[in-house]
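Peer 1: Dropping the structure in here first, questions after.
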Amino acid sequence: MEIRPNTKVNDLLNTYPQLEEFLMKLNPKYKKLKNPILRRTVAKIATLAQVAKIGGYKTMDLVNILRKEVGQPPLDEDGEIEQEETTAAPDWISTAPKAILDAKKLLDENKNPLAEANSVLKKLSPGEILLIESDFLPSPLIDTFKEKGYEVYAEDLSEDRYKVYIKKV
């Protein structure tokens with residue numbers, strides 16, 4: 001399997017199991033890969049482009065680090081996924097959230113943050129907001145809710161503190 005920005009984490013680790021330990025040594029944020037809930041759920045949909053964001057890497061830098069580790073030649077910049085433009089915070093995030101989830105706490109309790117967020121969102125009325133607080137940027141979760149048509153805004157407060165606002169439309 002050729003490692004590319006759109007490679008799914010689950011596929012990567014099934015093909016190159018030695019990369020699990022390598023990733024965890026590469027960045028402490030990747031230690032979450034040991035969580036069985038995260039591995040069974042998010043790892044199946046998360047791409048290396050999303051994992052790069054979580055770890056604070058440029059997509060092609062992470063891809064090429066992994067490619068080198070398994071003996072694949074590096075990719076040039078033409079293979080890079082365009083970064084999303086930074087946008088100003090939308091006005092709607094100033095509205096008090098109807099519900100707040102702590103992703104770290106959920107993972108520590110072996111719960112699936114994506115499933116918990118889905119459950120909460122089903123109960124919200126249009127216009128109401130779910131706030132997810134996390135110690136990492138949950139890119140796969142963000143992308144999933146954007147694909148479902150929710151309005152999503154992520155706020156990077158510090159290296160290990162993020163807020164993700166999800167507005168039901």
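Going by the structure tokens order, chains are called A, B, ..., each with residues numbered from 1, while ligands are numbered from 1 in the order shown.
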I'd like the contact shell of A:Phe136 - 9 Å cut-off, only C-alpha atoms, skipping same-chain residues fewer than 6 positions apart - returned as a list in words.
Peer 2: Lys29, Ile54, Gly55, Ala103, Lys104, Glu159, Asp160, Arg161 and Tyr162 of chain A
Peer 1: Hey, can you spit out that residue selection with C-alpha atoms as a PDB file, in the first residue's frame?
Peer 2:
```
ATOM      1  CA  LYS A  29      -1.054  13.219  20.778  1.00  0.00           C
ATOM      2  CA  ILE A  54      -4.095  16.741  15.095  1.00  0.00           C
ATOM      3  CA  GLY A  55      -0.335  16.490  15.562  1.00  0.00           C
ATOM      4  CA  ALA A 103     -13.902  14.414  24.458  1.00  0.00           C
ATOM      5  CA  LYS A 104     -10.936  13.557  26.700  1.00  0.00           C
ATOM      6  CA  GLU A 159      -1.574  23.403  21.940  1.00  0.00           C
ATOM      7  CA  ASP A 160      -3.748  21.031  23.948  1.00  0.00           C
ATOM      8  CA  ARG A 161      -7.079  22.847  24.278  1.00  0.00           C
ATOM      9  CA  TYR A 162      -9.670  23.028  21.531  1.00  0.00           C
TER      10      TYR A 162
END
```
Peer 1: Mind pulling up the distance from atom CA of A:Glu155 to atom CA of A:Ala96?
Peer 2: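 Computing it gives 15.2 Å between the two atoms.
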Peer 1: Can you pull out every residue from stretch 65-139 of chain A that DSSP, working from the backbone, puts in strand (DSSP E or B), and format the result as a list in words?
Peer 2: Ala99, Ile100, Leu101, Asp102, Ile129, Leu130, Leu131, Ile132, Glu133 and Ser134 of chain A
Peer 1: As a ChimeraX atom specification, please: all residues of stretch 38-94 of chain A that backbone DSSP puts in helix (DSSP H, G or I).
Peer 2: /A:38-40,42-45,48-55,59-69,77-79,91-94
Peer 1: Nearest to A:Tyr16: which of A:Met60, A:Val70, A:Ala46, A:Ala52 is it, counting only C-alpha atoms?
Peer 2: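 Looking only at the distances to A:Tyr16, the closest residue turns out to be A:Val70.
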Peer 1: Of the residues A:Trp92, A:Leu137, A:Ala43, A:Leu114, which is the one nearest to A:Glu151, using only C-alpha atoms?
Peer 2: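 Comparing A:Trp92, A:Leu137, A:Ala43, A:Leu114 against A:Glu151, the winner is A:Trp92.
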Peer 1: Can you tell me, as a list of chain:residue names, what residues are no more than 7 Å from stretch 9-15 of chain A when counting only C-alpha atoms, ignoring any on the same chain fewer than 3 positions away?
Peer 2: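 Surrounding residues, per the criterion: A:Leu19, A:Glu20, A:Ala43, A:Lys44, A:Ala46, A:Thr47, A:Leu48.
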Peer 1: When distances are computed from only C-alpha atoms, which of A:Gln18, A:Asn6, A:Thr95, A:Asn118 shows the smallest separation from A:Thr144?
Peer 2: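 Checking each candidate against A:Thr144, we get A:Asn118 as the closest.
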Peer 1: I'd like the interatomic distance between atom CA of A:Val152 and atom CA of A:Leu107, to a tenth of an Å.
Peer 2: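 Computing the Euclidean distance for atom CA of A:Val152 and atom CA of A:Leu107 yields 21.1 Å.
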Peer 1: With only C-alpha atoms as the atoms that count, which of A:Asp143, A:Asp156, A:Glu2, A:Asp102 lies nearest to A:Lys68?
Peer 2: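 Between A:Asp143, A:Asp156, A:Glu2, A:Asp102, the residue approaching A:Lys68 most closely is A:Glu2.
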Peer 1: What does the structure give for the distance between atom CA of A:Leu101 and atom CA of A:Leu131, in Å to one decimal?
Peer 2: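 Value for the atom CA of A:Leu101-atom CA of A:Leu131 distance: 6.3 Å.
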